[in-house]
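*Asks:* Next comes entry_22.cif, mmCIF, N, CA and C atoms:
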```cif
data_my_file
loop_
_atom_site.label_atom_id
_atom_site.label_comp_id
_atom_site.auth_asym_id
_atom_site.auth_seq_id
_atom_site.Cartn_x
_atom_site.Cartn_y
_atom_site.Cartn_z
N MET O 114 124.17 116.58 90.17
CA MET O 114 123.36 116.82 91.36
C MET O 114 124.17 116.39 92.58
N LYS O 115 124.14 117.23 93.60
CA LYS O 115 124.85 116.93 94.85
C LYS O 115 123.85 116.47 95.90
N ILE O 116 124.14 115.30 96.46
CA ILE O 116 123.27 114.70 97.45
C ILE O 116 124.11 114.33 98.67
N VAL O 117 123.63 114.69 99.84
CA VAL O 117 124.26 114.25 101.08
C VAL O 117 123.23 113.47 101.87
N GLY O 118 123.71 112.67 102.80
CA GLY O 118 122.77 111.91 103.59
C GLY O 118 123.42 111.28 104.80
N ILE O 119 122.59 110.67 105.61
CA ILE O 119 123.04 110.00 106.82
C ILE O 119 122.37 108.64 106.89
N SER O 120 123.18 107.63 107.17
CA SER O 120 122.62 106.31 107.43
C SER O 120 122.85 105.98 108.90
N ALA O 121 121.86 105.33 109.50
CA ALA O 121 121.96 104.95 110.91
C ALA O 121 120.97 103.82 111.18
N CYS O 122 121.43 102.83 111.92
CA CYS O 122 120.55 101.75 112.37
C CYS O 122 120.75 101.59 113.88
N PRO O 123 119.89 100.81 114.53
CA PRO O 123 120.00 100.72 115.99
C PRO O 123 121.40 100.36 116.50
N ALA O 124 122.04 99.37 115.90
CA ALA O 124 123.38 98.97 116.36
C ALA O 124 124.46 99.79 115.68
N GLY O 125 124.23 100.15 114.44
CA GLY O 125 125.22 100.94 113.72
C GLY O 125 126.43 100.16 113.28
N LEU O 126 126.32 98.85 113.23
CA LEU O 126 127.48 98.03 112.89
C LEU O 126 127.43 97.46 111.48
N ALA O 127 126.28 97.07 110.99
CA ALA O 127 126.21 96.43 109.69
C ALA O 127 125.41 97.24 108.68
N HIS O 128 124.13 97.48 108.98
CA HIS O 128 123.29 98.16 108.01
C HIS O 128 123.72 99.60 107.74
N THR O 129 124.24 100.26 108.75
CA THR O 129 124.67 101.65 108.59
C THR O 129 125.72 101.78 107.49
N PRO O 130 126.86 101.08 107.54
CA PRO O 130 127.83 101.22 106.46
C PRO O 130 127.38 100.60 105.15
N MET O 131 126.57 99.53 105.22
CA MET O 131 126.08 98.91 103.98
C MET O 131 125.22 99.88 103.18
N ALA O 132 124.32 100.59 103.86
CA ALA O 132 123.45 101.55 103.17
C ALA O 132 124.26 102.71 102.62
N ALA O 133 125.19 103.22 103.42
CA ALA O 133 126.01 104.35 102.98
C ALA O 133 126.81 103.98 101.73
N LYS O 134 127.46 102.84 101.76
CA LYS O 134 128.28 102.41 100.63
C LYS O 134 127.43 102.12 99.40
N ALA O 135 126.26 101.51 99.59
CA ALA O 135 125.38 101.21 98.46
C ALA O 135 124.90 102.49 97.77
N LEU O 136 124.52 103.49 98.55
CA LEU O 136 124.04 104.75 97.95
C LEU O 136 125.18 105.50 97.27
N GLU O 137 126.35 105.52 97.87
CA GLU O 137 127.50 106.20 97.24
C GLU O 137 127.90 105.51 95.94
N LYS O 138 127.92 104.19 95.94
CA LYS O 138 128.27 103.44 94.73
C LYS O 138 127.23 103.66 93.64
N ALA O 139 125.96 103.58 94.00
CA ALA O 139 124.89 103.81 93.02
C ALA O 139 124.98 105.22 92.46
N GLY O 140 125.28 106.18 93.32
CA GLY O 140 125.42 107.56 92.88
C GLY O 140 126.52 107.70 91.84
N ARG O 141 127.69 107.10 92.10
CA ARG O 141 128.79 107.14 91.13
C ARG O 141 128.36 106.54 89.80
N GLU O 142 127.69 105.40 89.86
CA GLU O 142 127.23 104.72 88.64
C GLU O 142 126.23 105.57 87.86
N MET O 143 125.48 106.41 88.57
CA MET O 143 124.47 107.26 87.93
C MET O 143 124.99 108.65 87.60
N GLY O 144 126.26 108.90 87.90
CA GLY O 144 126.84 110.21 87.62
C GLY O 144 126.44 111.29 88.61
N LEU O 145 126.12 110.88 89.83
CA LEU O 145 125.71 111.81 90.89
C LEU O 145 126.82 111.94 91.91
N ASP O 146 126.84 113.07 92.61
CA ASP O 146 127.78 113.31 93.69
C ASP O 146 127.05 113.01 95.00
N VAL O 147 127.30 111.81 95.57
CA VAL O 147 126.61 111.38 96.79
C VAL O 147 127.63 111.16 97.90
N LYS O 148 127.40 111.81 99.03
CA LYS O 148 128.23 111.59 100.22
C LYS O 148 127.32 111.22 101.37
N MET O 149 127.62 110.07 101.99
CA MET O 149 126.82 109.58 103.10
C MET O 149 127.64 109.57 104.38
N GLU O 150 127.07 110.13 105.41
CA GLU O 150 127.66 110.08 106.75
C GLU O 150 127.04 108.88 107.47
N GLN O 151 127.83 108.21 108.28
CA GLN O 151 127.34 107.07 109.06
C GLN O 151 127.29 107.46 110.53
N GLN O 152 126.17 107.19 111.17
CA GLN O 152 126.03 107.42 112.60
C GLN O 152 125.66 106.11 113.26
N GLY O 153 126.47 105.69 114.20
CA GLY O 153 126.19 104.43 114.89
C GLY O 153 127.07 104.26 116.10
N SER O 154 127.32 103.02 116.46
CA SER O 154 128.11 102.74 117.65
C SER O 154 129.55 103.23 117.52
N MET O 155 130.01 103.44 116.29
CA MET O 155 131.37 103.94 116.06
C MET O 155 131.41 105.47 116.05
N GLY O 156 130.29 106.11 116.35
CA GLY O 156 130.23 107.57 116.28
C GLY O 156 129.94 108.00 114.85
N GLN O 157 130.38 109.20 114.49
CA GLN O 157 130.19 109.69 113.13
C GLN O 157 131.36 109.25 112.26
N VAL O 158 131.04 108.70 111.09
CA VAL O 158 132.04 108.30 110.11
C VAL O 158 131.73 109.04 108.83
N ASN O 159 132.74 109.64 108.20
CA ASN O 159 132.57 110.37 106.94
C ASN O 159 131.64 111.57 107.14
N ALA O 160 131.87 112.34 108.18
CA ALA O 160 130.98 113.45 108.56
C ALA O 160 130.79 114.45 107.44
N ILE O 161 129.56 114.92 107.30
CA ILE O 161 129.22 115.94 106.31
C ILE O 161 129.51 117.30 106.92
N THR O 162 130.30 118.08 106.22
CA THR O 162 130.66 119.42 106.70
C THR O 162 129.51 120.39 106.46
N PRO O 163 129.51 121.52 107.15
CA PRO O 163 128.49 122.54 106.88
C PRO O 163 128.52 123.00 105.42
N ALA O 164 129.70 123.12 104.82
CA ALA O 164 129.81 123.54 103.42
C ALA O 164 129.19 122.50 102.49
N GLU O 165 129.43 121.23 102.77
CA GLU O 165 128.84 120.16 101.95
C GLU O 165 127.32 120.16 102.09
N ALA O 166 126.84 120.40 103.29
CA ALA O 166 125.40 120.45 103.53
C ALA O 166 124.77 121.61 102.75
N ARG O 167 125.42 122.77 102.76
CA ARG O 167 124.90 123.94 102.03
C ARG O 167 124.87 123.70 100.53
N ALA O 168 125.86 122.99 100.01
CA ALA O 168 125.96 122.77 98.56
C ALA O 168 125.01 121.69 98.05
N ALA O 169 124.43 120.91 98.94
CA ALA O 169 123.59 119.78 98.54
C ALA O 169 122.24 120.25 97.99
N ASP O 170 121.75 119.49 97.01
CA ASP O 170 120.42 119.74 96.46
C ASP O 170 119.34 119.19 97.38
N PHE O 171 119.63 118.06 98.03
CA PHE O 171 118.72 117.51 99.02
C PHE O 171 119.47 116.53 99.91
N VAL O 172 118.78 116.08 100.96
CA VAL O 172 119.37 115.22 101.98
C VAL O 172 118.57 113.92 102.07
N ILE O 173 119.27 112.79 102.06
CA ILE O 173 118.64 111.49 102.27
C ILE O 173 118.97 111.02 103.69
N ILE O 174 117.94 110.63 104.43
CA ILE O 174 118.13 110.03 105.74
C ILE O 174 117.72 108.57 105.61
N ALA O 175 118.70 107.68 105.65
CA ALA O 175 118.47 106.24 105.54
C ALA O 175 118.39 105.67 106.94
N SER O 176 117.26 105.90 107.59
CA SER O 176 117.13 105.50 108.99
C SER O 176 115.74 105.82 109.51
N ASP O 177 115.37 105.12 110.57
CA ASP O 177 114.18 105.54 111.32
C ASP O 177 114.60 105.94 112.74
N GLN O 178 115.92 106.09 112.92
CA GLN O 178 116.50 106.48 114.20
C GLN O 178 116.57 108.01 114.30
N LYS O 179 116.79 108.50 115.52
CA LYS O 179 117.04 109.93 115.72
C LYS O 179 118.44 110.22 115.17
N ILE O 180 118.54 111.27 114.37
CA ILE O 180 119.79 111.64 113.72
C ILE O 180 120.38 112.85 114.43
N GLN O 181 121.68 112.81 114.67
CA GLN O 181 122.37 113.93 115.30
C GLN O 181 122.80 114.94 114.23
N GLY O 182 122.72 116.21 114.57
CA GLY O 182 123.24 117.26 113.70
C GLY O 182 122.34 117.63 112.54
N MET O 183 121.04 117.43 112.69
CA MET O 183 120.12 117.77 111.59
C MET O 183 120.09 119.27 111.31
N ASP O 184 120.53 120.09 112.27
CA ASP O 184 120.54 121.53 112.08
C ASP O 184 121.43 121.94 110.89
N ARG O 185 122.38 121.11 110.51
CA ARG O 185 123.24 121.41 109.34
C ARG O 185 122.43 121.51 108.07
N PHE O 186 121.27 120.87 108.04
CA PHE O 186 120.48 120.76 106.82
C PHE O 186 119.28 121.71 106.80
N LYS O 187 119.28 122.69 107.68
CA LYS O 187 118.16 123.62 107.76
C LYS O 187 117.91 124.26 106.39
N GLY O 188 116.66 124.22 105.96
CA GLY O 188 116.28 124.81 104.67
C GLY O 188 116.44 123.87 103.49
N LYS O 189 117.01 122.69 103.70
CA LYS O 189 117.20 121.71 102.62
C LYS O 189 116.06 120.70 102.64
N PRO O 190 115.64 120.26 101.45
CA PRO O 190 114.65 119.18 101.43
C PRO O 190 115.27 117.90 102.01
N VAL O 191 114.54 117.24 102.90
CA VAL O 191 115.01 116.02 103.54
C VAL O 191 114.04 114.89 103.20
N ILE O 192 114.60 113.79 102.71
CA ILE O 192 113.80 112.62 102.36
C ILE O 192 114.24 111.46 103.24
N ARG O 193 113.29 110.87 103.99
CA ARG O 193 113.61 109.71 104.83
C ARG O 193 113.26 108.45 104.05
N VAL O 194 114.18 107.49 104.10
CA VAL O 194 114.00 106.22 103.38
C VAL O 194 114.37 105.08 104.32
N ASN O 195 113.67 103.99 104.23
CA ASN O 195 113.99 102.80 105.01
C ASN O 195 115.40 102.34 104.69
N ILE O 196 116.20 102.06 105.70
CA ILE O 196 117.60 101.70 105.49
C ILE O 196 117.75 100.42 104.68
N THR O 197 116.87 99.45 104.89
CA THR O 197 116.95 98.19 104.14
C THR O 197 116.70 98.43 102.66
N THR O 198 115.79 99.32 102.33
CA THR O 198 115.52 99.65 100.93
C THR O 198 116.75 100.27 100.29
N CYS O 199 117.47 101.09 101.04
CA CYS O 199 118.70 101.71 100.52
C CYS O 199 119.76 100.67 100.21
N ILE O 200 119.80 99.60 100.97
CA ILE O 200 120.77 98.53 100.74
C ILE O 200 120.36 97.69 99.54
N LYS O 201 119.08 97.34 99.45
CA LYS O 201 118.61 96.43 98.41
C LYS O 201 118.42 97.10 97.05
N ALA O 202 118.03 98.36 97.03
CA ALA O 202 117.71 99.03 95.76
C ALA O 202 118.19 100.48 95.76
N PRO O 203 119.50 100.72 95.91
CA PRO O 203 119.98 102.09 96.04
C PRO O 203 119.73 102.96 94.80
N GLN O 204 119.84 102.39 93.60
CA GLN O 204 119.59 103.19 92.40
C GLN O 204 118.12 103.62 92.34
N ALA O 205 117.22 102.72 92.71
CA ALA O 205 115.80 103.06 92.73
C ALA O 205 115.52 104.15 93.75
N VAL O 206 116.18 104.08 94.90
CA VAL O 206 116.01 105.11 95.94
C VAL O 206 116.44 106.47 95.40
N LEU O 207 117.64 106.52 94.80
CA LEU O 207 118.14 107.80 94.27
C LEU O 207 117.24 108.32 93.15
N THR O 208 116.77 107.44 92.29
CA THR O 208 115.89 107.85 91.19
C THR O 208 114.60 108.44 91.73
N LYS O 209 113.98 107.76 92.70
CA LYS O 209 112.72 108.26 93.28
C LYS O 209 112.93 109.59 94.01
N CYS O 210 114.05 109.72 94.70
CA CYS O 210 114.34 110.97 95.40
C CYS O 210 114.51 112.12 94.40
N MET O 211 115.22 111.87 93.33
CA MET O 211 115.42 112.92 92.30
C MET O 211 114.09 113.29 91.65
N GLN O 212 113.25 112.30 91.39
CA GLN O 212 111.93 112.56 90.80
C GLN O 212 111.09 113.41 91.75
N ALA O 213 111.17 113.10 93.04
CA ALA O 213 110.41 113.88 94.04
C ALA O 213 110.89 115.33 94.05
N MET O 214 112.21 115.54 93.92
CA MET O 214 112.75 116.90 93.92
C MET O 214 112.34 117.64 92.66
N GLU O 215 112.33 116.95 91.52
CA GLU O 215 111.91 117.58 90.26
C GLU O 215 110.44 118.01 90.35
N GLY O 216 109.64 117.21 91.02
CA GLY O 216 108.23 117.53 91.16
C GLY O 216 107.97 118.74 92.04
N LYS O 217 108.93 119.11 92.88
CA LYS O 217 108.78 120.26 93.77
C LYS O 217 109.23 121.56 93.12
N LYS O 218 109.89 121.45 91.96
CA LYS O 218 110.39 122.68 91.31
C LYS O 218 109.29 123.39 90.57
#
```
How does this structure look as structure tokens?

*Replies:*
Amino acid sequence: MKIVGISACPAGLAHTPMAAKALEKAGREMGLDVKMEQQGSMGQVNAITPAEARAADFVIIASDQKIQGMDRFKGKPVIRVNITTCIKAPQAVLTKCMQAMEGKK
């Protein structure tokens, strides 16, 4: 399963990369292809390309902030998750997101 997402917090200095790295690591451990873009004070880090967005099964937004470039994900299911939850329980987040997608099929 291919998953893309964006993490962003108000400052974009600590929680943003922590959530991105936690979800990517959990994805690898679960055998998933997860790529997270970071949006914060450093700008965009690890940007998701239009091709990657098209190939994704769904999109995770680990933030309650306004996200730039959401038009890349038009037509894709988008799941918003609290950024702290993504840091503390990334495998649970991915599992619940996949279950939600299975329920929509």

*Asks:* Do you know which residues are at most 6 Å from segment 183-200 of chain O counting only N, CA and C atoms, after dropping those on the same chain fewer than 3 positions away, and could you put them as a PyMOL selection string?

*Replies:* chain O and resi 131-132+135-136+163+166+170-177+180+203

*Asks:* So how many Å separate atom N of Thr129 of chain O and atom N of Ala168 of chain O, to one decimal?

*Replies:*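 Interatomic distance, atom N of Thr129 of chain O to atom N of Ala168 of chain O: 24.4 Å.
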
*Asks:* How would you write, as a PyMOL selection string, the set of residues in segment 118-218 of chain O that DSSP gives as alpha helix (DSSP H)?

*Replies:* chain O and resi 128-142+163-168+196-201+203-217

*Asks:* Write out as a PyMOL selection string each polymer residue whose atoms come within 8 Å of Lys138 of chain O, counting all atoms listed in the file; drop sequence neighbours fewer than 5 positions from it.

*Replies:* chain O and resi 132-133+143-144+147+203-204

*Asks:* Just the number, please: distance in Å from atom N of Lys148 of chain O to atom C of Ile116 of chain O, one decimal.

*Replies:*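 Straight-line distance from atom N of Lys148 of chain O to atom C of Ile116 of chain O works out to 4.2 Å.
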
*Asks:* Rounded to one decimal place, report the atom CA of Cys210 of chain O-atom CA of Met155 of chain O distance in Å.

*Replies:*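 Going from atom CA of Cys210 of chain O over to atom CA of Met155 of chain O covers 27.7 Å.
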
*Asks:* Which polymer residues have any atom within 7 Å of an atom of Gln178 of chain O, counting all atoms listed in the file, with same-chain residues fewer than 4 positions away left out, as number ranges by chain?

*Replies:* O: 121-123

*Asks:* Write out as a list of chain:residue names the set of residues from chain O that DSSP, computed on the backbone, places in strand (DSSP E).

*Replies:*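 Put together, the selection reads O:Lys115, O:Ile116, O:Val117, O:Gly118, O:Ile119, O:Ser120, O:Asp146, O:Val147, O:Lys148, O:Met149, O:Glu150, O:Gln151, O:Gln152, O:Gly153, O:Gly156, O:Gln157, O:Val158, O:Phe171, O:Val172, O:Ile173, O:Ile174, O:Ala175, O:Val191, O:Ile192, O:Arg193, O:Val194.
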
*Asks:* Tell me which of O:Val117, O:Ala139, O:Ala205, O:Leu126 sits closest to Ala160 of chain O, counting only C-alpha atoms.

*Replies:*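 Of O:Val117, O:Ala139, O:Ala205, O:Leu126, the one nearest Ala160 of chain O, counting only C-alpha atoms, is O:Val117.
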
*Asks:* Could you list as an MDAnalysis selection string every residue that has an atom within 6 Å of (127.5, 115.7, 92.9), using the file's coordinates and counting only C-alpha atoms?

*Replies:* chainID O and resid 114:115 145:147

*Asks:* Find the spatial neighbours of Asn159 of chain O, counting only C-alpha atoms, within a cut-off of 12 Å - ignore same-chain residues fewer than 3 positions away - and output them as a ChimeraX atom specification.

*Replies:* /O:117-120,129-130,133-134,137,147-153,155-156,162,165

*Asks:* Go ahead and save the picked residues with N, CA and C atoms, as a PDB file, keeping the file's coordinate frame.

*Replies:*
```pdb
ATOM      1  N   VAL O 117     123.630 114.690  99.840  1.00  0.00           N
ATOM      2  CA  VAL O 117     124.260 114.250 101.080  1.00  0.00           C
ATOM      3  C   VAL O 117     123.230 113.470 101.870  1.00  0.00           C
ATOM      4  N   GLY O 118     123.710 112.670 102.800  1.00  0.00           N
ATOM      5  CA  GLY O 118     122.770 111.910 103.590  1.00  0.00           C
ATOM      6  C   GLY O 118     123.420 111.280 104.800  1.00  0.00           C
ATOM      7  N   ILE O 119     122.590 110.670 105.610  1.00  0.00           N
ATOM      8  CA  ILE O 119     123.040 110.000 106.820  1.00  0.00           C
ATOM      9  C   ILE O 119     122.370 108.640 106.890  1.00  0.00           C
ATOM     10  N   SER O 120     123.180 107.630 107.170  1.00  0.00           N
ATOM     11  CA  SER O 120     122.620 106.310 107.430  1.00  0.00           C
ATOM     12  C   SER O 120     122.850 105.980 108.900  1.00  0.00           C
ATOM     13  N   THR O 129     124.240 100.260 108.750  1.00  0.00           N
ATOM     14  CA  THR O 129     124.670 101.650 108.590  1.00  0.00           C
ATOM     15  C   THR O 129     125.720 101.780 107.490  1.00  0.00           C
ATOM     16  N   PRO O 130     126.860 101.080 107.540  1.00  0.00           N
ATOM     17  CA  PRO O 130     127.830 101.220 106.460  1.00  0.00           C
ATOM     18  C   PRO O 130     127.380 100.600 105.150  1.00  0.00           C
ATOM     19  N   ALA O 133     125.190 103.220 103.420  1.00  0.00           N
ATOM     20  CA  ALA O 133     126.010 104.350 102.980  1.00  0.00           C
ATOM     21  C   ALA O 133     126.810 103.980 101.730  1.00  0.00           C
ATOM     22  N   LYS O 134     127.460 102.840 101.760  1.00  0.00           N
ATOM     23  CA  LYS O 134     128.280 102.410 100.630  1.00  0.00           C
ATOM     24  C   LYS O 134     127.430 102.120  99.400  1.00  0.00           C
ATOM     25  N   GLU O 137     126.350 105.520  97.870  1.00  0.00           N
ATOM     26  CA  GLU O 137     127.500 106.200  97.240  1.00  0.00           C
ATOM     27  C   GLU O 137     127.900 105.510  95.940  1.00  0.00           C
ATOM     28  N   VAL O 147     127.300 111.810  95.570  1.00  0.00           N
ATOM     29  CA  VAL O 147     126.610 111.380  96.790  1.00  0.00           C
ATOM     30  C   VAL O 147     127.630 111.160  97.900  1.00  0.00           C
ATOM     31  N   LYS O 148     127.400 111.810  99.030  1.00  0.00           N
ATOM     32  CA  LYS O 148     128.230 111.590 100.220  1.00  0.00           C
ATOM     33  C   LYS O 148     127.320 111.220 101.370  1.00  0.00           C
ATOM     34  N   MET O 149     127.620 110.070 101.990  1.00  0.00           N
ATOM     35  CA  MET O 149     126.820 109.580 103.100  1.00  0.00           C
ATOM     36  C   MET O 149     127.640 109.570 104.380  1.00  0.00           C
ATOM     37  N   GLU O 150     127.070 110.130 105.410  1.00  0.00           N
ATOM     38  CA  GLU O 150     127.660 110.080 106.750  1.00  0.00           C
ATOM     39  C   GLU O 150     127.040 108.880 107.470  1.00  0.00           C
ATOM     40  N   GLN O 151     127.830 108.210 108.280  1.00  0.00           N
ATOM     41  CA  GLN O 151     127.340 107.070 109.060  1.00  0.00           C
ATOM     42  C   GLN O 151     127.290 107.460 110.530  1.00  0.00           C
ATOM     43  N   GLN O 152     126.170 107.190 111.170  1.00  0.00           N
ATOM     44  CA  GLN O 152     126.030 107.420 112.600  1.00  0.00           C
ATOM     45  C   GLN O 152     125.660 106.110 113.260  1.00  0.00           C
ATOM     46  N   GLY O 153     126.470 105.690 114.200  1.00  0.00           N
ATOM     47  CA  GLY O 153     126.190 104.430 114.890  1.00  0.00           C
ATOM     48  C   GLY O 153     127.070 104.260 116.100  1.00  0.00           C
ATOM     49  N   MET O 155     130.010 103.440 116.290  1.00  0.00           N
ATOM     50  CA  MET O 155     131.370 103.940 116.060  1.00  0.00           C
ATOM     51  C   MET O 155     131.410 105.470 116.050  1.00  0.00           C
ATOM     52  N   GLY O 156     130.290 106.110 116.350  1.00  0.00           N
ATOM     53  CA  GLY O 156     130.230 107.570 116.280  1.00  0.00           C
ATOM     54  C   GLY O 156     129.940 108.000 114.850  1.00  0.00           C
ATOM     55  N   THR O 162     130.300 118.080 106.220  1.00  0.00           N
ATOM     56  CA  THR O 162     130.660 119.420 106.700  1.00  0.00           C
ATOM     57  C   THR O 162     129.510 120.390 106.460  1.00  0.00           C
ATOM     58  N   GLU O 165     129.430 121.230 102.770  1.00  0.00           N
ATOM     59  CA  GLU O 165     128.840 120.160 101.950  1.00  0.00           C
ATOM     60  C   GLU O 165     127.320 120.160 102.090  1.00  0.00           C
TER      61      GLU O 165
END
```
